[in-house]
Structure formats: structure tokens, C-alpha cells
file target23.txt (compact mmCIF, C-alpha atoms)
# COMPACT_ATOMS: atom_id res chain seq x y z
CA MET A 1 -20.26 -2.87 -23.55
CA ILE A 2 -19.40 -3.58 -19.92
CA THR A 3 -15.70 -3.12 -19.11
CA ARG A 4 -14.48 -5.54 -16.47
CA VAL A 5 -11.40 -4.91 -14.34
CA MET A 6 -9.79 -8.23 -13.40
CA LYS A 7 -6.83 -9.34 -11.34
CA PRO A 8 -4.34 -10.95 -13.77
CA ASP A 9 -4.59 -14.58 -12.72
CA ALA A 10 -4.13 -17.36 -15.27
CA ALA A 11 -7.80 -17.39 -16.28
CA ALA A 12 -7.98 -13.63 -16.76
CA ILE A 13 -4.79 -13.58 -18.85
CA GLU A 14 -6.10 -16.42 -21.00
CA GLU A 15 -9.34 -14.51 -21.56
CA ALA A 16 -7.37 -11.39 -22.46
CA ALA A 17 -5.21 -13.40 -24.88
CA SER A 18 -8.35 -14.69 -26.55
CA HIS A 19 -9.58 -11.11 -26.99
CA ILE A 20 -6.26 -10.16 -28.60
CA ARG A 21 -6.33 -13.13 -30.99
CA GLU A 22 -9.91 -12.29 -31.99
CA GLY A 23 -9.08 -8.66 -32.77
CA ARG A 24 -10.47 -7.00 -29.64
CA LEU A 25 -8.83 -4.52 -27.26
CA VAL A 26 -7.51 -5.14 -23.74
CA GLY A 27 -6.15 -2.84 -21.03
CA ILE A 28 -2.64 -3.98 -20.12
CA PRO A 29 -0.40 -3.03 -17.17
CA THR A 30 3.22 -2.23 -17.97
CA GLU A 31 6.03 -0.78 -15.88
CA THR A 32 5.60 2.59 -17.65
CA VAL A 33 1.84 3.29 -18.00
CA TYR A 34 -1.25 1.19 -18.74
CA GLY A 35 -1.56 0.35 -22.43
CA LEU A 36 -4.49 -0.20 -24.77
CA GLY A 37 -3.48 -3.43 -26.45
CA ALA A 38 -4.44 -5.13 -29.71
CA ASP A 39 -2.88 -7.45 -32.29
CA ALA A 40 -0.24 -5.25 -33.94
CA LEU A 41 -0.46 -7.19 -37.22
CA ASN A 42 -4.26 -6.94 -37.55
CA PRO A 43 -5.18 -3.63 -39.28
CA ASP A 44 -8.81 -3.80 -38.10
CA ALA A 45 -7.75 -4.33 -34.47
CA VAL A 46 -5.29 -1.45 -34.74
CA ARG A 47 -7.99 0.77 -36.20
CA ALA A 48 -10.09 -0.01 -33.13
CA ILE A 49 -7.28 1.37 -30.94
CA PHE A 50 -7.40 4.70 -32.77
CA GLU A 51 -11.19 4.78 -32.52
CA ALA A 52 -11.28 3.97 -28.80
CA LYS A 53 -8.67 6.61 -27.99
CA GLY A 54 -9.87 9.22 -30.47
CA ARG A 55 -6.26 9.22 -31.64
CA PRO A 56 -5.12 10.84 -34.90
CA GLY A 57 -4.23 8.23 -37.51
CA ASP A 58 -0.78 9.71 -38.15
CA ASN A 59 0.33 9.07 -34.56
CA PRO A 60 2.42 5.85 -34.63
CA LEU A 61 2.00 2.97 -32.17
CA ILE A 62 4.62 0.92 -30.33
CA VAL A 63 4.73 -2.83 -30.94
CA HIS A 64 5.41 -4.90 -27.82
CA ILE A 65 7.22 -8.24 -27.89
CA ALA A 66 8.06 -10.86 -25.26
CA ARG A 67 11.27 -12.34 -26.70
CA MET A 68 14.17 -10.91 -28.68
CA GLU A 69 13.72 -13.34 -31.59
CA GLU A 70 10.25 -11.90 -32.28
CA ILE A 71 11.77 -8.68 -33.59
CA ALA A 72 12.90 -10.36 -36.82
CA ASP A 73 9.29 -10.54 -38.08
CA LEU A 74 8.73 -6.83 -37.47
CA ILE A 75 11.72 -5.03 -38.96
CA SER A 76 13.46 -4.85 -42.32
CA GLY A 77 17.14 -5.77 -42.41
CA GLU A 78 19.49 -6.71 -39.61
CA ILE A 79 19.36 -5.44 -36.04
CA PRO A 80 22.15 -2.85 -35.69
CA PRO A 81 24.94 -3.86 -33.27
CA ALA A 82 24.18 -0.79 -31.12
CA ALA A 83 20.54 -1.88 -30.83
CA ARG A 84 21.64 -5.33 -29.69
CA ARG A 85 23.80 -3.78 -26.99
CA LEU A 86 20.94 -1.57 -25.87
CA ALA A 87 18.53 -4.50 -25.81
CA GLN A 88 20.97 -6.47 -23.69
CA ALA A 89 21.29 -3.54 -21.29
CA PHE A 90 17.67 -2.35 -21.05
CA TRP A 91 15.28 -5.05 -22.30
CA PRO A 92 12.93 -5.97 -20.83
CA GLY A 93 12.34 -2.39 -19.73
CA PRO A 94 11.18 1.14 -20.60
CA LEU A 95 13.08 1.54 -23.89
CA THR A 96 11.49 1.60 -27.36
CA MET A 97 13.70 1.39 -30.46
CA ILE A 98 12.73 2.46 -33.98
CA PHE A 99 13.80 0.40 -37.01
CA PRO A 100 12.90 0.17 -40.72
CA ARG A 101 9.44 -1.40 -40.99
CA GLY A 102 9.08 -5.04 -41.98
CA GLU A 103 6.40 -5.95 -44.53
CA ARG A 104 4.26 -7.80 -41.99
CA VAL A 105 3.63 -4.64 -39.97
CA PRO A 106 0.64 -2.69 -41.32
CA LEU A 107 1.14 0.98 -42.13
CA ARG A 108 -1.89 1.61 -39.91
CA THR A 109 0.23 0.47 -36.94
CA THR A 110 3.11 2.77 -37.85
CA GLY A 111 0.96 5.82 -38.55
CA GLY A 112 1.89 5.57 -42.23
CA LEU A 113 5.64 5.65 -41.51
CA GLU A 114 8.17 3.26 -43.04
CA THR A 115 9.61 2.69 -39.58
CA VAL A 116 8.34 0.60 -36.68
CA ALA A 117 8.78 1.19 -32.93
CA VAL A 118 9.44 -1.95 -30.86
CA ARG A 119 9.64 -2.53 -27.10
CA MET A 120 9.95 -5.47 -24.71
CA PRO A 121 8.04 -4.53 -21.53
CA ALA A 122 9.32 -5.56 -18.11
CA HIS A 123 5.93 -6.06 -16.46
CA PRO A 124 5.33 -9.82 -16.12
CA VAL A 125 1.61 -9.53 -16.92
CA ALA A 126 2.31 -7.74 -20.21
CA ARG A 127 4.93 -10.26 -21.29
CA THR A 128 2.81 -13.23 -20.29
CA LEU A 129 -0.13 -11.84 -22.27
CA ILE A 130 2.05 -11.40 -25.37
CA GLU A 131 3.26 -14.99 -25.03
CA ARG A 132 -0.21 -16.45 -24.41
CA SER A 133 -1.80 -14.52 -27.28
CA GLY A 134 0.94 -15.50 -29.73
CA ARG A 135 0.80 -11.99 -31.21
CA PRO A 136 2.95 -8.88 -31.01
CA ILE A 137 0.79 -6.31 -29.25
CA ALA A 138 0.40 -2.67 -30.26
CA ALA A 139 -0.29 -0.77 -27.05
CA PRO A 140 -0.35 3.02 -26.79
CA SER A 141 -1.22 4.54 -23.42
CA GLY A 142 -4.74 3.61 -22.36
CA ASN A 143 -6.19 7.11 -22.12
CA ARG A 144 -8.44 9.13 -24.37
CA SER A 145 -6.23 11.06 -26.79
CA GLY A 146 -4.74 14.19 -25.20
CA ARG A 147 -5.60 13.17 -21.61
CA PRO A 148 -3.00 12.31 -18.95
CA SER A 149 -1.75 8.75 -19.30
CA PRO A 150 -3.11 6.14 -16.85
CA THR A 151 -0.80 4.72 -14.21
CA THR A 152 -3.47 2.61 -12.47
CA ALA A 153 -6.30 0.41 -13.71
CA ALA A 154 -8.76 2.90 -12.17
CA HIS A 155 -7.30 5.70 -14.30
CA MET A 156 -7.73 3.59 -17.42
CA LEU A 157 -11.31 2.72 -16.50
CA GLN A 158 -12.10 6.44 -16.28
CA ASP A 159 -11.27 6.82 -19.97
CA MET A 160 -12.12 3.41 -21.42
CA ASP A 161 -15.23 2.31 -19.51
CA GLY A 162 -17.67 0.92 -22.07
CA ARG A 163 -15.11 1.05 -24.88
CA ILE A 164 -13.19 -2.19 -24.23
CA PRO A 165 -14.19 -5.53 -22.67
CA LEU A 166 -11.37 -6.03 -20.15
CA ILE A 167 -8.64 -4.29 -18.16
CA LEU A 168 -6.02 -6.38 -16.37
CA ASP A 169 -5.22 -4.76 -13.02
CA GLY A 170 -1.50 -5.22 -12.40
CA GLY A 171 -1.23 -2.51 -9.75
CA PRO A 172 0.35 0.97 -9.98
CA CYS A 173 2.98 1.47 -12.68
CA GLU A 174 6.53 1.54 -11.37
CA VAL A 175 8.09 4.09 -13.77
CA GLY A 176 5.06 6.35 -14.29
CA VAL A 177 5.97 7.89 -17.67
CA GLU A 178 6.02 6.21 -21.07
CA SER A 179 9.11 4.52 -22.46
CA THR A 180 12.05 6.31 -24.01
CA VAL A 181 11.67 6.23 -27.80
CA LEU A 182 15.02 5.95 -29.56
CA ASP A 183 15.48 6.28 -33.33
CA MET A 184 18.02 3.67 -34.44
CA THR A 185 17.80 4.39 -38.18
CA GLY A 186 20.63 6.96 -38.23
CA PRO A 187 24.34 6.85 -37.39
CA VAL A 188 23.76 8.03 -33.79
CA PRO A 189 20.82 6.94 -31.58
CA ARG A 190 18.38 9.85 -31.24
CA ILE A 191 15.78 10.29 -28.50
CA LEU A 192 12.39 11.27 -29.93
CA ARG A 193 10.58 10.89 -26.61
CA PRO A 194 12.44 10.77 -23.27
CA GLY A 195 11.39 8.23 -20.67
CA GLY A 196 12.63 5.82 -18.03
CA VAL A 197 15.93 5.10 -19.79
CA THR A 198 17.92 8.34 -19.87
CA ARG A 199 20.19 9.90 -22.46
CA GLU A 200 23.13 9.39 -20.13
CA GLN A 201 22.41 5.66 -19.77
CA ILE A 202 22.10 5.21 -23.54
CA ALA A 203 25.33 7.11 -24.20
CA ALA A 204 27.13 4.91 -21.67
CA VAL A 205 26.20 1.86 -23.79
CA CYS A 206 26.54 3.33 -27.29
CA GLY A 207 29.17 6.02 -26.80
CA ALA A 208 26.81 8.77 -27.99
CA CYS A 209 23.14 9.74 -27.89
CA GLU A 210 21.37 12.76 -29.36
CA VAL A 211 18.11 14.35 -28.21
CA ASP A 212 15.74 15.51 -30.94
CA SER A 213 15.01 19.23 -30.84
CA ALA A 214 11.24 18.52 -30.81
CA VAL A 215 11.48 16.94 -27.34
CA MET A 216 11.17 20.36 -25.67
CA ARG A 217 9.17 22.30 -28.23
CA PRO A 218 5.91 21.92 -30.16
CA LEU A 219 5.95 20.34 -33.60
CA ARG A 220 5.84 22.79 -36.48
CA GLU A 221 2.84 22.72 -38.80
CA ASP A 222 4.88 20.95 -41.49
CA GLU A 223 6.31 18.31 -39.13
CA ARG A 224 4.90 14.81 -38.89
CA PRO A 225 5.11 12.93 -35.56
CA ARG A 226 7.84 10.26 -35.82
CA SER A 227 7.09 8.90 -32.37
CA PRO A 228 4.17 8.65 -29.96
CA GLY A 229 3.95 11.67 -27.68
CA MET A 230 5.25 14.24 -30.17
CA LYS A 231 1.91 15.98 -30.75
CA TYR A 232 1.66 19.62 -29.64
CA ARG A 233 -0.73 19.35 -26.67
CA HIS A 234 -0.67 15.95 -25.05
CA TYR A 235 -1.17 14.46 -21.56
CA ALA A 236 -3.28 17.52 -20.76
CA PRO A 237 -5.66 18.17 -17.84
CA ALA A 238 -8.87 20.13 -18.40
CA GLY A 239 -7.53 23.23 -16.64
CA ALA A 240 -4.95 25.57 -18.15
CA LEU A 241 -1.47 24.53 -17.02
CA THR A 242 1.48 26.92 -16.66
CA ILE A 243 5.00 25.81 -15.75
CA TYR A 244 7.36 28.08 -13.81
CA ARG A 245 11.11 27.77 -14.21
CA GLY A 246 13.83 29.60 -12.27
CA ALA A 247 15.30 29.94 -8.79
CA ARG A 248 13.30 28.21 -6.06
CA MET A 249 12.15 31.31 -4.17
CA ARG A 250 11.37 33.32 -7.31
CA VAL A 251 9.27 30.44 -8.65
CA ALA A 252 7.33 30.21 -5.38
CA GLU A 253 6.71 33.96 -5.31
CA ALA A 254 5.51 33.99 -8.93
CA ILE A 255 3.22 31.01 -8.40
CA CYS A 256 1.74 32.52 -5.23
CA ALA A 257 1.02 35.77 -7.09
CA ALA A 258 -0.58 33.95 -10.02
CA TYR A 259 -2.61 31.74 -7.64
CA ASP A 260 -3.92 34.71 -5.67
CA ALA A 261 -4.83 36.59 -8.87
CA ALA A 262 -6.72 33.57 -10.19
CA LEU A 263 -8.55 33.17 -6.88
CA SER A 264 -9.60 36.82 -6.95
CA GLU A 265 -11.07 36.23 -10.40
CA GLY A 266 -13.28 33.45 -9.05
CA LYS A 267 -11.22 30.61 -10.51
CA ARG A 268 -10.24 27.33 -8.85
CA PRO A 269 -6.41 27.31 -8.86
CA LEU A 270 -4.11 24.43 -7.95
CA ILE A 271 -0.35 24.32 -7.34
CA LEU A 272 1.85 21.32 -8.18
CA ALA A 273 5.08 21.41 -6.19
CA LEU A 274 7.93 19.25 -4.97
CA GLU A 275 7.28 18.01 -1.45
CA GLY A 276 10.08 20.06 0.12
CA ASN A 277 8.70 23.28 -1.36
CA ARG A 278 5.10 22.93 -0.22
CA PRO A 279 5.60 25.10 2.92
CA LEU A 280 6.43 28.01 0.58
CA TYR A 281 2.79 28.10 -0.54
CA GLY A 282 1.17 28.58 2.88
CA GLY A 283 -2.45 27.45 3.00
CA ARG A 284 -2.94 27.49 -0.76
CA ASN A 285 -4.29 24.40 -2.51
CA CYS A 286 -1.06 22.54 -3.29
CA GLU A 287 -0.49 18.95 -4.40
CA SER A 288 2.82 17.17 -3.89
CA LEU A 289 4.81 15.86 -6.86
CA GLY A 290 7.16 13.92 -4.61
CA ALA A 291 10.66 14.58 -3.35
CA ASP A 292 12.62 14.70 -6.62
CA ALA A 293 12.52 14.18 -10.39
CA ARG A 294 12.30 10.38 -10.08
CA ALA A 295 9.28 10.65 -7.76
CA MET A 296 7.82 13.34 -10.02
CA ALA A 297 7.90 10.90 -12.96
CA GLN A 298 5.84 8.46 -10.92
CA THR A 299 3.29 11.05 -9.79
CA VAL A 300 2.92 13.60 -12.59
CA PHE A 301 0.09 11.90 -14.49
CA SER A 302 -1.82 11.11 -11.29
CA ALA A 303 -1.45 14.74 -10.23
CA LEU A 304 -2.83 15.99 -13.54
CA ARG A 305 -5.78 13.61 -13.26
CA ASP A 306 -6.37 14.72 -9.66
CA ALA A 307 -6.47 18.29 -10.91
CA ASP A 308 -9.46 17.33 -13.03
CA GLU A 309 -11.10 15.59 -10.06
CA LYS A 310 -10.68 18.82 -8.10
CA ARG A 311 -12.11 20.79 -11.07
CA ALA A 312 -9.07 23.08 -11.16
CA ASP A 313 -9.51 25.86 -13.73
CA VAL A 314 -5.85 26.86 -13.65
CA ILE A 315 -2.79 24.87 -12.58
CA PHE A 316 0.62 26.26 -11.68
CA SER A 317 3.50 23.78 -11.63
CA GLU A 318 7.08 23.86 -10.50
CA SER A 319 9.73 22.40 -12.81
CA VAL A 320 12.88 20.31 -12.47
CA GLU A 321 16.10 20.33 -14.46
CA ALA A 322 15.65 18.73 -17.89
CA GLU A 323 18.36 16.13 -17.39
CA GLY A 324 18.28 12.46 -16.50
CA ILE A 325 14.72 11.38 -15.76
CA GLY A 326 13.92 15.09 -15.40
CA LEU A 327 13.98 15.41 -19.20
CA ALA A 328 11.05 12.98 -19.41
CA VAL A 329 9.17 14.85 -16.69
CA MET A 330 9.63 18.23 -18.38
CA ASN A 331 8.69 16.79 -21.77
CA ARG A 332 5.37 15.52 -20.35
CA LEU A 333 4.63 18.69 -18.42
CA GLY A 334 5.64 20.82 -21.38
CA ARG A 335 3.25 19.07 -23.75
CA ALA A 336 0.48 19.07 -21.12
CA ALA A 337 0.94 22.86 -20.87
CA ALA A 338 1.30 23.35 -24.65
CA PHE A 339 4.77 24.62 -23.66
CA HIS A 340 3.38 27.57 -21.68
CA ILE A 341 6.52 28.08 -19.55
CA GLU A 342 7.20 31.19 -17.48
CA GLU A 343 10.87 32.02 -16.82
CA VAL A 344 11.20 33.87 -13.49
call {"tool": "encode", "arguments": {"input": "target23.txt", "output": "C-alpha cells"}}
result
Amino acid sequence: MITRVMKPDAAAIEEAASHIREGRLVGIPTETVYGLGADALNPDAVRAIFEAKGRPGDNPLIVHIARMEEIADLISGEIPPAARRLAQAFWPGPLTMIFPRGERVPLRTTGGLETVAVRMPAHPVARTLIERSGRPIAAPSGNRSGRPSPTTAAHMLQDMDGRIPLILDGGPCEVGVESTVLDMTGPVPRILRPGGVTREQIAAVCGACEVDSAVMRPLREDERPRSPGMKYRHYAPAGALTIYRGARMRVAEAICAAYDAALSEGKRPLILALEGNRPLYGGRNCESLGADARAMAQTVFSALRDADEKRADVIFSESVEAEGIGLAVMNRLGRAAAFHIEEV
């Protein structure tokens, strides 16, 4: 199969919509990351997503809609008042909400769970494609399972070339990390995966918001993933990643020592650092993560992919505070590193 990358003009979107209706896969730009899209209500099409990604079948998918009224066909029961307030505040946008599953949604889409995750993306190409296809679209990140998520069409082509017929190139993703996944089935909204909408923003709308303990730790052997992105090692580069957490100067000293030791062992080390800290690493191979946590969210997946391009054996990364958008950044880095975090 030849995978074409096309600018999302009317003809390309119509072709992509035809692929969706006929049960094929399409690469879709969103404001978070590029997604691997298929008809969410077609079990065979959804199975093709898992096959193309090499994704475990118990890892649930997010169903994307274009209009609020489309949610009624996907969930069981009424939309909770808190969910309506959140939708009014953050949809379209990088927020996914989990509800009891409606009968029309195949268990294959939900990873066997009796809940369904629903999102209304803000990217105009994604929403237009949903409208033109006439289908809700299941769209996990468009990477091979375990790899860093794609934030450009070129990233997605690296992983999906020859596996899907078409990728719509909508430019770089604005947010850079996947959506916040919020469980709405309990009395208090609970974040299962942090993203572009923060705990503080959700609490301002709902009055309260909890963060699941699994956000910053690996799942236990007996735990089943209730959201995308909860697997133990996810978003990972080929090289071994270690995160350093502590005071700025102590982190820099520890990273420099680890870098020099790796270099003396004949390895190819790489440092990931905030832009303002790069002078602390002298002439060592150091890639910028941007000025702050917000910029880091936009660059982290690109940086991890660049590490593979540079054939880095070992990667040493700075951290940010796990609050606001920083919680999403540290969740992604933590899973990419299999939570190998050094406190210094």
C-alpha cells in the first residue's frame, strides 16, 4: 500500500471521508496529536486500528464527534450536568469525557470496557472530516504502539507508511500532547490522563476535580487500563530515558555526570533541557524543550523522536513541576521513561 500525504482541501477531505465510510483508516490532524481514524461503530475498522498500531486490544479508544447532539448515540443514560458545563467550557478542544457505553458502540472500540470516551476536537480538518463521513471517528494517536505520538504529518508517516492509504496534513499540532481524559462516571470528575485542559481549569467549572493515582505511576499487574495512555511504558524513544528531578543546579550537575559517564562507556548520550538551562551543559549534546512547561508540551514528542533520529543510546531529561500543563508533560515523560526518575 502507498500512503499519500495530502493537504486537506475539499477533495482530499472527501476522499478521506469515503475511506472512513468504507471501513479504512486515515491519518487525521487534531489540535493535540495526529490521530489514526476509523469508523468508531464498525468493529472491523476498529480492529484495523489495533493491527496498524500494534496496540493491545484492552487499550480503549477515544470516539470523536463534531456536534454535541451526536453524543446521545454513544452513551447510556443522560449527560451529567457537570459534563454539560465542561462541554460548554472546553468543547471543541483537548478534553475527553468518559461515560457509560451506549449499545451502538462496539466493545472492541472501548477495549472491552462498559464505558466510552468521547471528545469533540477543535481542529477544523478533524471536525469537517467527521461531518463529511457521517460517522463518529475512533482515533488514537497515529504512532506505532509505544512510540512517541506524532505531532506532524511527517511523524505519522514514519510510523504508518504503507499501513494506511492517506494522511491529511493539517500542519503542526498546537497543543502537542493528547487530550485530558476525565472520568465522569463517579460523583467527582477524575483525571485518568492529564492533557491540554488542566485539573485547575476543570475544578473551576465543576467545583472539584481529582487526579487518579495511576497518572504518575505504572499500572499494577492486576490493573486494567481505563483510559488511553495508562500502559506502563508508552510514548518511548529507542534509547533509555532517565528523568532528573530536584533543584536546578543539582539536576544539571547530575545530568552532566551521567552524560560524561555514558560517553566514556562509548554510548551516544543526549540531554533534554529547558532553553534557559542549556548553558549549564557546556558543549554536551543538548536539545531544547522550550522555555517553560507549555512549550515543553508542544515539543516533548518531537524531542523524543529526534533522539531516535540521532541514535541516542541514553537520554537524560530535566523535569518541570507536575501542576497545570506540567502534569501532562511529566505524565508523558514518566511513561516514556518507565518512571525511571532520579531525585537529586
call {"tool": "closest_residue", "arguments": {"input": "target23.txt", "among": "A:Glu178, A:Glu70, A:Glu223, A:Glu342", "to": "A:Ala258", "atoms": "all atoms listed in the file"}}
result
A:Glu342
call {"tool": "closest_residue", "arguments": {"input": "target23.txt", "among": "A:Ala153, A:Ala236, A:Leu86, A:Ala16", "to": "A:Tyr34", "atoms": "all atoms listed in the file"}}
result
A:Ala153
call {"tool": "closest_residue", "arguments": {"input": "target23.txt", "among": "A:Pro80, A:Gly37, A:Pro124, A:Pro92", "to": "A:Pro136", "atoms": "only C-alpha atoms"}}
result
A:Gly37
call {"tool": "closest_residue", "arguments": {"input": "target23.txt", "among": "A:Met68, A:Glu318, A:Ala238, A:Ala89", "to": "A:Cys206", "atoms": "all atoms listed in the file"}}
result
A:Ala89
call {"tool": "closest_residue", "arguments": {"input": "target23.txt", "among": "A:Ile191, A:Ile71, A:Leu129, A:Ala52", "to": "A:Asp159", "atoms": "only C-alpha atoms"}}
result
A:Ala52
call {"tool": "closest_residue", "arguments": {"input": "target23.txt", "among": "A:Ser133, A:Ser264, A:Ser317, A:Thr185", "to": "A:Arg24", "atoms": "all atoms listed in the file"}}
result
A:Ser133
call {"tool": "closest_atom_pairs", "arguments": {"input": "target23.txt", "of": "stretch 217-273 of chain A", "to": "stretch 298-313 of chain A", "cutoff": "7 Å", "atoms": "all atoms listed in the file", "output": "CSV"}}
result
residue,atom,partner,partner_atom,distance
A:Pro237,CA,A:Leu304,CA,5.6
A:Ala238,CA,A:Asp308,CA,6.1
A:Gly239,CA,A:Asp313,CA,4.4
A:Ala240,CA,A:Asp313,CA,6.4
A:Lys267,CA,A:Asp313,CA,6.0
A:Arg268,CA,A:Ala312,CA,5.0
A:Pro269,CA,A:Ala312,CA,5.5
A:Leu270,CA,A:Ala312,CA,6.1
call {"tool": "residues_around", "arguments": {"input": "target23.txt", "residues": "A:Asp58", "least_positions_apart": "3", "cutoff": "9 Å", "atoms": "all atoms listed in the file", "output": "MDAnalysis selection string"}}
result
chainID A and resid 55 108 110:113 224:226
call {"tool": "atom_distance", "arguments": {"input": "target23.txt", "atom1": "atom CA of A:Asn42", "atom2": "atom CA of A:Ile65"}}
result
15.1 Å
call {"tool": "residues_around", "arguments": {"input": "target23.txt", "residues": "A:Glu69", "least_positions_apart": "2", "cutoff": "12 Å", "atoms": "all atoms listed in the file", "output": "list in words"}}
result
Ile65, Ala66, Arg67, Ile71, Ala72, Asp73, Leu74, Ile75, Glu78, Ile79, Arg84, Ala87, Met120 and Pro136 of chain A
